[in-house]
$ cat query.cif   # mmCIF, C-alpha atoms
data_model
loop_
_atom_site.label_atom_id
_atom_site.label_comp_id
_atom_site.auth_asym_id
_atom_site.auth_seq_id
_atom_site.Cartn_x
_atom_site.Cartn_y
_atom_site.Cartn_z
CA MET A 1 -27.40 13.37 26.67
CA ALA A 2 -29.67 12.99 23.65
CA GLU A 3 -27.95 12.74 20.26
CA GLY A 4 -28.07 15.96 18.28
CA ALA A 5 -29.15 18.08 21.24
CA PRO A 6 -28.08 21.72 20.87
CA ALA A 7 -24.85 22.61 22.65
CA SER A 8 -25.87 23.70 26.10
CA LYS A 9 -24.25 26.44 28.09
CA LYS A 10 -23.38 23.97 30.79
CA PRO A 11 -19.65 23.78 31.45
CA ALA A 12 -17.88 21.03 29.59
CA ILE A 13 -16.84 17.82 31.25
CA ILE A 14 -13.70 16.38 29.67
CA ARG A 15 -12.80 12.86 30.64
CA VAL A 16 -9.49 11.18 29.86
CA LYS A 17 -8.96 7.44 30.04
CA LEU A 18 -5.31 7.57 31.02
CA GLU A 19 -4.72 3.85 30.57
CA TRP A 20 -5.70 4.14 26.88
CA CYS A 21 -3.94 7.47 26.17
CA LYS A 22 -0.66 6.97 24.30
CA GLY A 23 0.44 10.60 24.54
CA CYS A 24 0.45 11.42 20.82
CA GLU A 25 -0.33 15.10 21.56
CA ILE A 26 -2.79 15.41 18.65
CA CYS A 27 -5.60 16.63 20.95
CA VAL A 28 -3.26 19.04 22.76
CA THR A 29 -1.87 20.58 19.56
CA PHE A 30 -5.11 21.00 17.64
CA CYS A 31 -7.36 22.22 20.47
CA PRO A 32 -8.39 25.70 19.25
CA LYS A 33 -8.72 26.98 22.82
CA ASN A 34 -5.56 25.50 24.31
CA VAL A 35 -7.51 23.61 26.95
CA LEU A 36 -5.19 20.62 27.15
CA GLU A 37 -1.60 20.10 28.22
CA MET A 38 0.88 17.25 28.39
CA GLU A 39 1.92 15.90 31.77
CA GLY A 40 4.09 12.86 32.28
CA GLY A 41 3.63 11.76 28.66
CA LYS A 42 -0.19 11.84 28.82
CA VAL A 43 -2.86 14.46 28.23
CA LYS A 44 -4.04 16.62 31.12
CA VAL A 45 -7.12 18.82 31.15
CA ALA A 46 -5.66 22.16 32.20
CA ARG A 47 -8.28 24.82 31.41
CA VAL A 48 -11.66 23.13 31.15
CA GLU A 49 -13.43 26.48 31.59
CA ASP A 50 -12.14 27.56 28.14
CA CYS A 51 -13.63 24.52 26.37
CA THR A 52 -16.25 25.36 23.73
CA LYS A 53 -17.17 21.68 23.19
CA CYS A 54 -16.04 21.76 19.56
CA MET A 55 -15.26 18.05 20.01
CA LEU A 56 -12.13 18.12 17.86
CA CYS A 57 -10.06 16.41 20.54
CA GLU A 58 -12.59 13.61 20.85
CA LEU A 59 -12.96 13.25 17.07
CA ARG A 60 -9.21 13.11 16.42
CA CYS A 61 -8.13 10.98 19.38
CA PRO A 62 -6.92 7.72 17.81
CA ASP A 63 -7.11 5.89 21.12
CA PHE A 64 -10.73 6.45 22.26
CA ALA A 65 -9.14 8.08 25.30
CA ILE A 66 -10.77 11.53 25.53
CA THR A 67 -14.45 12.47 25.64
CA VAL A 68 -16.25 15.79 25.95
CA GLU A 69 -19.78 16.24 27.23
CA MET B 1 -19.96 12.88 23.27
CA PHE B 2 -20.42 9.87 21.04
CA ASP B 3 -20.66 6.56 22.87
CA TYR B 4 -18.39 4.13 21.03
CA LEU B 5 -18.54 1.45 23.71
CA PRO B 6 -21.57 -0.44 22.33
CA TYR B 7 -19.69 -0.89 19.03
CA ILE B 8 -16.24 -1.93 20.20
CA ARG B 9 -14.73 -5.03 21.75
CA GLU B 10 -13.58 -3.18 24.83
CA TRP B 11 -11.64 -6.13 26.20
CA ASN B 12 -9.28 -5.79 23.23
CA PHE B 13 -8.29 -2.22 24.15
CA PRO B 14 -5.99 -0.35 24.24
CA HIS B 15 -5.47 -1.21 20.58
CA ILE B 16 -2.09 -2.21 19.13
CA TRP B 17 -1.63 0.83 16.90
CA CYS B 18 1.29 3.12 17.68
CA SER B 19 0.93 6.47 19.39
CA GLY B 20 -0.60 8.93 16.94
CA CYS B 21 -1.48 6.32 14.29
CA GLY B 22 -4.48 7.47 12.29
CA ASP B 23 -6.02 4.00 12.08
CA GLY B 24 -7.87 4.57 15.35
CA ILE B 25 -9.24 7.84 13.95
CA VAL B 26 -10.61 5.97 10.93
CA LEU B 27 -12.14 3.31 13.15
CA LYS B 28 -14.01 5.96 15.11
CA ALA B 29 -15.21 7.69 11.93
CA LEU B 30 -16.39 4.33 10.59
CA ILE B 31 -18.34 3.61 13.78
CA ARG B 32 -20.02 7.05 13.65
CA ALA B 33 -20.79 6.61 9.95
CA THR B 34 -22.45 3.20 10.34
CA ASP B 35 -24.34 4.45 13.39
CA GLY B 36 -25.49 7.49 11.41
CA LEU B 37 -26.72 5.29 8.58
CA GLY B 38 -28.61 3.11 11.04
CA ILE B 39 -26.87 -0.07 9.97
CA HIS B 40 -27.53 -2.81 12.51
CA ARG B 41 -24.48 -4.83 13.53
CA ASP B 42 -26.08 -8.02 12.20
CA GLU B 43 -26.34 -6.42 8.76
CA ALA B 44 -22.66 -5.51 8.57
CA VAL B 45 -19.64 -7.67 7.82
CA MET B 46 -16.11 -6.35 8.07
CA VAL B 47 -13.43 -8.24 6.22
CA SER B 48 -9.70 -7.57 6.37
CA GLY B 49 -6.42 -9.06 5.22
CA ILE B 50 -3.07 -8.63 6.96
CA GLY B 51 -1.35 -5.49 8.16
CA CYS B 52 -1.86 -2.69 10.64
CA SER B 53 -5.11 -1.49 9.06
CA SER B 54 -6.34 -5.06 8.85
CA ARG B 55 -6.38 -5.26 12.65
CA THR B 56 -9.45 -3.00 12.60
CA PRO B 57 -12.13 -5.73 12.58
CA GLY B 58 -10.68 -7.13 15.80
CA TYR B 59 -11.89 -4.04 17.62
CA VAL B 60 -15.43 -3.77 16.26
CA ASP B 61 -18.34 -5.78 17.57
CA VAL B 62 -19.93 -6.70 14.23
CA ASN B 63 -19.55 -9.79 12.03
CA THR B 64 -15.84 -9.82 11.29
CA LEU B 65 -13.48 -11.85 9.17
CA HIS B 66 -9.70 -11.48 9.48
CA THR B 67 -8.30 -13.31 6.48
CA THR B 68 -5.02 -14.02 4.71
CA HIS B 69 -2.66 -11.43 3.26
CA GLY B 70 -4.11 -9.64 0.24
CA ARG B 71 -7.19 -11.85 0.08
CA ALA B 72 -9.75 -9.74 1.94
CA LEU B 73 -11.52 -8.87 -1.30
CA ALA B 74 -11.67 -12.52 -2.37
CA PHE B 75 -13.33 -13.51 0.93
CA ALA B 76 -15.57 -10.45 0.80
CA THR B 77 -16.67 -11.33 -2.73
CA GLY B 78 -17.76 -14.73 -1.43
CA VAL B 79 -19.65 -13.20 1.49
CA LYS B 80 -21.43 -10.68 -0.72
CA HIS B 81 -22.25 -13.27 -3.35
CA ALA B 82 -23.76 -15.61 -0.74
CA SER B 83 -25.70 -12.88 1.09
CA PRO B 84 -26.21 -9.84 -1.15
CA ASN B 85 -28.27 -8.09 1.53
CA LEU B 86 -25.32 -7.66 3.85
CA ASN B 87 -23.24 -4.48 3.99
CA VAL B 88 -19.78 -5.80 3.26
CA ILE B 89 -16.95 -3.49 4.29
CA VAL B 90 -13.36 -4.37 3.51
CA VAL B 91 -10.63 -2.76 5.58
CA THR B 92 -7.24 -3.04 3.95
CA GLY B 93 -3.94 -1.25 3.47
CA ASP B 94 -1.84 -0.09 0.56
CA GLY B 95 0.40 -3.15 0.67
CA ASP B 96 -2.40 -5.63 1.34
CA ALA B 97 -4.71 -4.34 -1.40
CA THR B 98 -2.40 -3.16 -4.13
CA ALA B 99 0.69 -5.37 -3.83
CA ILE B 100 -0.07 -8.93 -2.75
CA GLY B 101 -3.81 -8.40 -3.30
CA GLY B 102 -3.47 -6.29 -6.43
CA ASN B 103 -5.23 -8.78 -8.66
CA HIS B 104 -8.24 -9.13 -6.37
CA TYR B 105 -8.36 -5.35 -6.18
CA ILE B 106 -8.61 -4.71 -9.92
CA HIS B 107 -10.99 -7.59 -10.56
CA ALA B 108 -13.38 -6.71 -7.74
CA ALA B 109 -13.46 -3.20 -9.20
CA ARG B 110 -13.97 -4.59 -12.72
CA ARG B 111 -16.92 -6.73 -11.58
CA ASN B 112 -18.32 -3.74 -9.74
CA ILE B 113 -19.45 -5.93 -6.86
CA ASP B 114 -21.24 -4.01 -4.11
CA ILE B 115 -18.43 -3.90 -1.56
CA THR B 116 -17.13 -0.86 0.31
CA VAL B 117 -13.35 -0.77 0.52
CA LEU B 118 -11.65 1.42 3.07
CA LEU B 119 -8.06 1.44 1.92
CA TYR B 120 -5.78 2.95 4.54
CA ASN B 121 -2.80 4.42 2.76
CA ASN B 122 0.07 4.73 5.24
CA TYR B 123 2.76 4.96 2.51
CA ILE B 124 4.77 2.00 3.80
CA TYR B 125 4.70 -1.58 5.12
CA GLY B 126 4.33 -0.47 8.72
CA MET B 127 3.82 -3.71 10.62
CA THR B 128 6.76 -5.57 9.11
CA GLY B 129 9.35 -2.84 9.62
CA GLY B 130 8.98 -0.08 7.07
CA GLN B 131 9.66 -1.68 3.70
CA VAL B 132 8.80 0.17 0.47
CA SER B 133 5.14 -0.35 -0.46
CA PRO B 134 3.39 0.40 -3.76
CA THR B 135 2.44 3.83 -2.43
CA THR B 136 5.79 4.88 -0.97
CA ARG B 137 6.56 8.11 -2.80
CA LYS B 138 9.59 8.49 -5.01
CA GLY B 139 12.45 9.79 -2.87
CA ASP B 140 10.93 8.64 0.44
CA ARG B 141 13.20 6.69 2.73
CA ALA B 142 12.22 3.22 3.88
CA SER B 143 14.06 0.31 5.53
CA THR B 144 14.51 -1.21 2.07
CA ALA B 145 15.30 2.18 0.52
CA PRO B 146 17.73 3.85 2.93
CA PHE B 147 18.78 6.35 0.23
CA GLY B 148 15.25 7.04 -0.95
CA SER B 149 12.87 5.04 -3.10
CA ILE B 150 13.56 5.17 -6.84
CA GLU B 151 10.14 3.78 -7.80
CA PRO B 152 7.14 5.84 -8.82
CA PRO B 153 4.14 5.08 -6.55
CA PHE B 154 0.77 3.65 -7.57
CA ASN B 155 -2.12 6.04 -7.81
CA ILE B 156 -4.48 3.66 -6.05
CA SER B 157 -7.61 5.75 -6.55
CA GLY B 158 -6.82 6.10 -10.24
CA LEU B 159 -6.23 2.36 -10.44
CA ALA B 160 -9.68 1.59 -9.00
CA LYS B 161 -11.34 4.06 -11.36
CA ALA B 162 -9.54 2.66 -14.41
CA ALA B 163 -10.44 -0.90 -13.41
CA GLY B 164 -14.16 -0.04 -13.26
CA ALA B 165 -15.10 0.97 -9.71
CA SER B 166 -18.33 2.95 -9.66
CA PHE B 167 -17.30 5.13 -6.69
CA VAL B 168 -13.84 6.42 -5.85
CA ALA B 169 -13.04 8.92 -3.13
CA ARG B 170 -10.14 10.05 -0.97
CA GLY B 171 -10.17 11.22 2.62
CA ASP B 172 -7.64 11.72 5.40
CA VAL B 173 -7.38 11.46 9.15
CA TYR B 174 -6.93 15.19 9.77
CA ASN B 175 -10.25 16.21 8.19
CA VAL B 176 -12.31 13.86 10.34
CA LYS B 177 -15.82 15.18 9.69
CA LYS B 178 -15.23 14.98 5.97
CA LEU B 179 -13.87 11.45 6.38
CA GLU B 180 -17.05 10.39 8.17
CA LYS B 181 -19.15 11.85 5.35
CA LEU B 182 -17.09 10.07 2.68
CA ILE B 183 -17.42 6.73 4.52
CA LYS B 184 -21.19 7.20 4.54
CA LEU B 185 -21.25 7.94 0.80
CA ALA B 186 -19.04 4.94 0.06
CA ILE B 187 -21.29 2.60 2.05
CA GLN B 188 -24.47 3.97 0.48
CA LYS B 189 -23.18 3.60 -3.07
CA LYS B 190 -24.35 0.48 -4.88
CA GLY B 191 -21.32 -1.06 -6.57
CA PHE B 192 -17.62 -1.22 -5.85
CA SER B 193 -16.74 1.78 -3.68
CA LEU B 194 -13.13 2.60 -2.99
CA LEU B 195 -12.30 5.10 -0.30
CA GLU B 196 -8.58 5.79 -0.03
CA ILE B 197 -7.81 7.12 3.43
CA LEU B 198 -4.52 8.89 4.03
CA SER B 199 -3.29 7.66 7.39
CA PRO B 200 0.48 8.13 7.25
CA CYS B 201 2.50 5.82 9.48
CA PRO B 202 4.35 7.81 12.16
CA THR B 203 6.66 4.97 13.21
CA ALA B 204 7.90 3.37 10.00
CA TRP B 205 7.39 6.18 7.48
CA GLY B 206 7.29 9.48 9.36
CA ARG B 207 10.42 8.89 11.41
CA ARG B 208 12.47 8.18 8.30
CA ASN B 209 11.05 11.14 6.41
CA LYS B 210 11.44 14.10 8.77
CA MET B 211 7.93 13.74 10.18
CA GLY B 212 8.64 11.60 13.20
CA HIS B 213 6.00 13.12 15.44
CA PRO B 214 2.31 12.30 14.82
CA VAL B 215 1.52 16.01 15.09
CA GLN B 216 3.86 16.71 12.14
CA LEU B 217 1.98 14.17 10.04
CA MET B 218 -1.34 15.77 10.94
CA GLU B 219 0.06 19.19 10.02
CA TRP B 220 1.30 17.76 6.72
CA LEU B 221 -2.20 16.45 5.97
CA ARG B 222 -3.73 19.79 6.98
CA ASP B 223 -1.37 21.71 4.69
CA SER B 224 -1.28 19.40 1.67
CA THR B 225 -4.87 18.21 1.24
CA VAL B 226 -7.27 20.34 -0.80
CA SER B 227 -10.97 19.90 -1.51
CA MET B 228 -12.15 19.05 -5.02
CA GLU B 229 -13.77 22.48 -5.31
CA LYS B 230 -10.51 24.21 -4.50
CA TRP B 231 -8.51 21.84 -6.71
CA GLU B 232 -10.61 22.73 -9.75
CA LYS B 233 -9.68 26.40 -9.35
CA MET B 234 -5.94 25.79 -8.90
CA THR B 235 -3.24 26.14 -11.54
CA ASP B 236 -0.88 23.24 -12.28
CA GLU B 237 1.81 25.10 -10.37
CA GLU B 238 -0.38 25.46 -7.28
CA ARG B 239 -1.33 21.77 -7.44
CA GLU B 240 2.32 20.74 -7.02
CA GLY B 241 2.66 18.72 -3.81
CA LYS B 242 -1.06 18.96 -3.03
CA ILE B 243 -3.44 16.02 -2.67
CA ARG B 244 -7.09 16.37 -3.58
CA THR B 245 -9.66 14.85 -1.27
CA GLY B 246 -13.35 14.25 -1.75
CA VAL B 247 -15.37 12.28 -4.29
CA LEU B 248 -13.12 11.66 -7.30
CA HIS B 249 -15.43 9.49 -9.37
CA ASP B 250 -19.09 8.51 -9.08
CA VAL B 251 -20.97 6.72 -11.86
CA ALA B 252 -23.78 4.18 -12.14
CA ARG B 253 -22.76 0.79 -13.54
CA PRO B 254 -24.43 -2.65 -13.45
CA GLU B 255 -23.61 -4.37 -10.17
CA PHE B 256 -22.34 -7.95 -10.02
CA THR B 257 -24.81 -9.57 -7.57
CA ASP B 258 -27.72 -7.88 -9.38
CA GLU B 259 -26.51 -9.26 -12.68
CA TYR B 260 -26.16 -12.70 -11.14
CA ALA B 261 -29.71 -12.57 -9.76
CA LYS B 262 -30.96 -11.56 -13.20
CA LEU B 263 -29.15 -14.52 -14.76
CA VAL B 264 -30.69 -16.95 -12.26
CA LYS B 265 -34.15 -15.51 -12.93
CA ARG B 266 -33.69 -15.78 -16.68
CA LEU B 267 -32.50 -19.38 -16.57
CA LYS B 268 -35.37 -20.40 -14.28
CA ALA B 269 -37.87 -18.83 -16.69
CA GLU B 270 -36.35 -20.69 -19.62
CA LYS B 271 -36.65 -24.06 -17.86
#
$ encode --input "query.cif" --output "structure tokens"
Amino acid sequence: MAEGAPASKKPAIIRVKLEWCKGCEICVTFCPKNVLEMEGGKVKVARVEDCTKCMLCELRCPDFAITVE
Amino acid sequence: MFDYLPYIREWNFPHIWCSGCGDGIVLKALIRATDGLGIHRDEAVMVSGIGCSSRTPGYVDVNTLHTTHGRALAFATGVKHASPNLNVIVVTGDGDATAIGGNHYIHAARRNIDITVLLYNNYIYGMTGGQVSPTTRKGDRASTAPFGSIEPPFNISGLAKAAGASFVARGDVYNVKKLEKLIKLAIQKKGFSLLEILSPCPTAWGRRNKMGHPVQLMEWLRDSTVSMEKWEKMTDEEREGKIRTGVLHDVARPEFTDEYAKLVKRLKAEK
């Protein structure tokens, strides 16, 4: 996707690199739409349909483990 | 989605930082900032000393220099002096820059050499087991202060300003967009730019000080940081326990490598 393109209405795709996720829960706690959950000490995408692509999880993930597109 | 992969040494991941450590958040903000400024990797040099924050250059695919404890600014001064056109970015911590490297810190600021310093303040010596650092707050517990530190901490931003830095700012790992903006400003500024970044250590500091979960540290940053605009309108009572973030000091002063070039020009003309 081109940089700076306006947010499209396409549903979000959230990818988690489980082998890099250290389970700090920052993304889960600060997601304004409660999209994410913890499962087995790692993040799980539970309600992707609620995602507004605000990108806060991606921006605050210290481990480069979660991306939203 | 921002694609970090072209900028990182992927083979070195996952990084060594603990779960919830803000250092990875700073690294990402730094990558976005340099990308946003259009700085080519060949034009950037990252220099670090020793400590958790100083591991940062190991993960970035630019010119990097991982040096001895406290000496990042000394090496960086050499790099900048030899090649003034390079963007020299020093990544250091509170212990590295203001304890063992304290002298380099004040003198680099005094010279006003065009170096950007990202000083990660984690309030402790994290890597070596949680000893009191110059920024550990009075009353905080540490492995060398099991009953609470009795020392007043350094105001590291104030120190840089007093020593002569032309740009001083403070950011934190909760307010990530603001952090990215401050990194950009610090890099763009000609002269010694100090950006103090609050990245409290969950393992060595948080656990001993009733903030053992990374989320608690992020909530603490959210609740205790205030913008400069807000700070100006607050009473002394309201400022108690709050930390201001944003640009704290920004002035124009003669820069060291410029002054050196002028000297060389003058001496050549006199020959």
$ closest_atom_pairs --input "query.cif" --of "chain A" --to "chain B" --cutoff "8 Å" --atoms "all atoms listed in the file" --output "Markdown table"
| residue | atom | partner | partner_atom | distance |
| --- | --- | --- | --- | --- |
| A:Glu19 | CA | B:Pro14 | CA | 7.7 |
| A:Trp20 | CA | B:Pro14 | CA | 5.2 |
| A:Lys22 | CA | B:Ser19 | CA | 5.2 |
| A:Gly23 | CA | B:Ser19 | CA | 6.6 |
| A:Cys24 | CA | B:Gly20 | CA | 4.7 |
| A:Glu25 | CA | B:Val215 | CA | 6.8 |
| A:Ile26 | CA | B:Val215 | CA | 5.6 |
| A:Thr29 | CA | B:Val215 | CA | 7.2 |
| A:Met55 | CA | B:Met1 | CA | 7.7 |
| A:Glu58 | CA | B:Met1 | CA | 7.8 |
| A:Leu59 | CA | B:Val176 | CA | 6.8 |
| A:Arg60 | CA | B:Ile25 | CA | 5.8 |
| A:Cys61 | CA | B:Ile25 | CA | 6.4 |
| A:Pro62 | CA | B:Gly24 | CA | 4.1 |
| A:Asp63 | CA | B:Gly24 | CA | 6.0 |
| A:Phe64 | CA | B:Gly24 | CA | 7.7 |
| A:Thr67 | CA | B:Met1 | CA | 6.0 |
| A:Val68 | CA | B:Met1 | CA | 5.4 |
| A:Glu69 | CA | B:Met1 | CA | 5.2 |
$ write_last_selection --input "query.cif" --atoms "C-alpha atoms" --output "tab-separated table (two decimals), in the frame of the given file"
chain	number	residue	atom	x	y	z
A	19	GLU	CA	-4.72	3.85	30.57
A	20	TRP	CA	-5.70	4.14	26.88
A	22	LYS	CA	-0.66	6.97	24.30
A	23	GLY	CA	0.44	10.60	24.54
A	24	CYS	CA	0.45	11.42	20.82
A	25	GLU	CA	-0.33	15.10	21.56
A	26	ILE	CA	-2.79	15.41	18.65
A	29	THR	CA	-1.87	20.58	19.56
A	55	MET	CA	-15.26	18.05	20.01
A	58	GLU	CA	-12.59	13.61	20.85
A	59	LEU	CA	-12.96	13.25	17.07
A	60	ARG	CA	-9.21	13.11	16.42
A	61	CYS	CA	-8.13	10.98	19.38
A	62	PRO	CA	-6.92	7.72	17.81
A	63	ASP	CA	-7.11	5.89	21.12
A	64	PHE	CA	-10.73	6.45	22.26
A	67	THR	CA	-14.45	12.47	25.64
A	68	VAL	CA	-16.25	15.79	25.95
A	69	GLU	CA	-19.78	16.24	27.23
$ residues_around --input "query.cif" --residues "A:Asn34" --least-positions-apart "3" --cutoff "10 Å" --atoms "all atoms listed in the file" --output "count of residues only"
12
$ residues_around --input "query.cif" --residues "B:Leu119" --least-positions-apart "6" --cutoff "10 Å" --atoms "all atoms listed in the file" --output "ChimeraX atom specification"
/B:53-54,90-98,156-157,170,194-199
$ resolve_selection --input "query.cif" --expression "the PyMOL selection byres ((chain B and resi 108) around 9)" --output "PDB file with C-alpha atoms, in the frame of the given file"
ATOM      1  CA  LEU B  73     -11.520  -8.870  -1.300  1.00  0.00           C
ATOM      2  CA  ALA B  74     -11.670 -12.520  -2.370  1.00  0.00           C
ATOM      3  CA  THR B  77     -16.670 -11.330  -2.730  1.00  0.00           C
ATOM      4  CA  ASN B 103      -5.230  -8.780  -8.660  1.00  0.00           C
ATOM      5  CA  HIS B 104      -8.240  -9.130  -6.370  1.00  0.00           C
ATOM      6  CA  TYR B 105      -8.360  -5.350  -6.180  1.00  0.00           C
ATOM      7  CA  ILE B 106      -8.610  -4.710  -9.920  1.00  0.00           C
ATOM      8  CA  HIS B 107     -10.990  -7.590 -10.560  1.00  0.00           C
ATOM      9  CA  ALA B 109     -13.460  -3.200  -9.200  1.00  0.00           C
ATOM     10  CA  ARG B 110     -13.970  -4.590 -12.720  1.00  0.00           C
ATOM     11  CA  ARG B 111     -16.920  -6.730 -11.580  1.00  0.00           C
ATOM     12  CA  ASN B 112     -18.320  -3.740  -9.740  1.00  0.00           C
ATOM     13  CA  ILE B 113     -19.450  -5.930  -6.860  1.00  0.00           C
ATOM     14  CA  ILE B 115     -18.430  -3.900  -1.560  1.00  0.00           C
ATOM     15  CA  ALA B 163     -10.440  -0.900 -13.410  1.00  0.00           C
ATOM     16  CA  GLY B 164     -14.160  -0.040 -13.260  1.00  0.00           C
ATOM     17  CA  ALA B 165     -15.100   0.970  -9.710  1.00  0.00           C
ATOM     18  CA  PHE B 192     -17.620  -1.220  -5.850  1.00  0.00           C
TER      19      PHE B 192
END
$ residues_near_point --input "query.cif" --point "(5.7, 2.1, -1.0)" --cutoff "12 Å" --atoms "all atoms listed in the file" --output "ChimeraX atom specification"
/B:93-96,98-99,121-126,130-145,148-156,200-201,204-205
$ closest_residue --input "query.cif" --among "B:Val60, B:Ala169, B:Leu37, B:Ala72" --to "B:Val251" --atoms "all atoms listed in the file"
B:Ala169
$ atom_distance --input "query.cif" --atom1 "atom CA of A:Glu49" --atom2 "atom CA of A:Leu36"
11.0 Å
$ atom_distance --input "query.cif" --atom1 "atom CA of B:Glu10" --atom2 "atom CA of B:Ile39"
20.2 Å
$ atom_distance --input "query.cif" --atom1 "atom CA of A:Gly40" --atom2 "atom CA of B:Gly206"
23.4 Å
$ residues_near_point --input "query.cif" --point "(-26.9, -14.0, -6.1)" --cutoff "8 Å" --atoms "only C-alpha atoms" --output "list in words"
His81, Ala82, Ser83, Pro84, Thr257, Asp258, Tyr260, Ala261 and Val264 of chain B
$ decode --input "query.cif" --residues "stretch 139-170 of chain B" --atoms "C-alpha atoms" --output "PDB file, in the first residue's frame"
ATOM      1  CA  GLY B 139      12.873   7.056  47.519  1.00  0.00           C
ATOM      2  CA  ASP B 140      12.923   4.557  44.625  1.00  0.00           C
ATOM      3  CA  ARG B 141      14.084   1.072  45.457  1.00  0.00           C
ATOM      4  CA  ALA B 142      17.020  -0.459  43.615  1.00  0.00           C
ATOM      5  CA  SER B 143      19.280  -3.470  44.186  1.00  0.00           C
ATOM      6  CA  THR B 144      21.808  -1.121  45.801  1.00  0.00           C
ATOM      7  CA  ALA B 145      19.073   0.807  47.621  1.00  0.00           C
ATOM      8  CA  PRO B 146      16.757  -1.851  49.060  1.00  0.00           C
ATOM      9  CA  PHE B 147      15.226   0.699  51.461  1.00  0.00           C
ATOM     10  CA  GLY B 148      14.908   3.438  48.870  1.00  0.00           C
ATOM     11  CA  SER B 149      17.464   5.754  47.318  1.00  0.00           C
ATOM     12  CA  ILE B 150      18.506   8.695  49.493  1.00  0.00           C
ATOM     13  CA  GLU B 151      20.107  10.615  46.610  1.00  0.00           C
ATOM     14  CA  PRO B 152      18.440  13.365  44.610  1.00  0.00           C
ATOM     15  CA  PRO B 153      18.438  12.514  40.873  1.00  0.00           C
ATOM     16  CA  PHE B 154      20.089  14.442  38.055  1.00  0.00           C
ATOM     17  CA  ASN B 155      17.869  16.574  35.882  1.00  0.00           C
ATOM     18  CA  ILE B 156      19.575  15.422  32.705  1.00  0.00           C
ATOM     19  CA  SER B 157      17.722  17.785  30.384  1.00  0.00           C
ATOM     20  CA  GLY B 158      18.539  20.712  32.655  1.00  0.00           C
ATOM     21  CA  LEU B 159      22.156  19.586  32.740  1.00  0.00           C
ATOM     22  CA  ALA B 160      22.422  19.635  28.930  1.00  0.00           C
ATOM     23  CA  LYS B 161      20.794  23.060  28.757  1.00  0.00           C
ATOM     24  CA  ALA B 162      23.089  24.502  31.429  1.00  0.00           C
ATOM     25  CA  ALA B 163      26.156  23.053  29.704  1.00  0.00           C
ATOM     26  CA  GLY B 164      25.264  24.773  26.411  1.00  0.00           C
ATOM     27  CA  ALA B 165      23.186  22.417  24.252  1.00  0.00           C
ATOM     28  CA  SER B 166      21.273  24.326  21.601  1.00  0.00           C
ATOM     29  CA  PHE B 167      18.281  21.943  21.618  1.00  0.00           C
ATOM     30  CA  VAL B 168      16.823  20.076  24.577  1.00  0.00           C
ATOM     31  CA  ALA B 169      13.602  18.088  24.528  1.00  0.00           C
ATOM     32  CA  ARG B 170      11.880  15.299  26.419  1.00  0.00           C
TER      33      ARG B 170
END
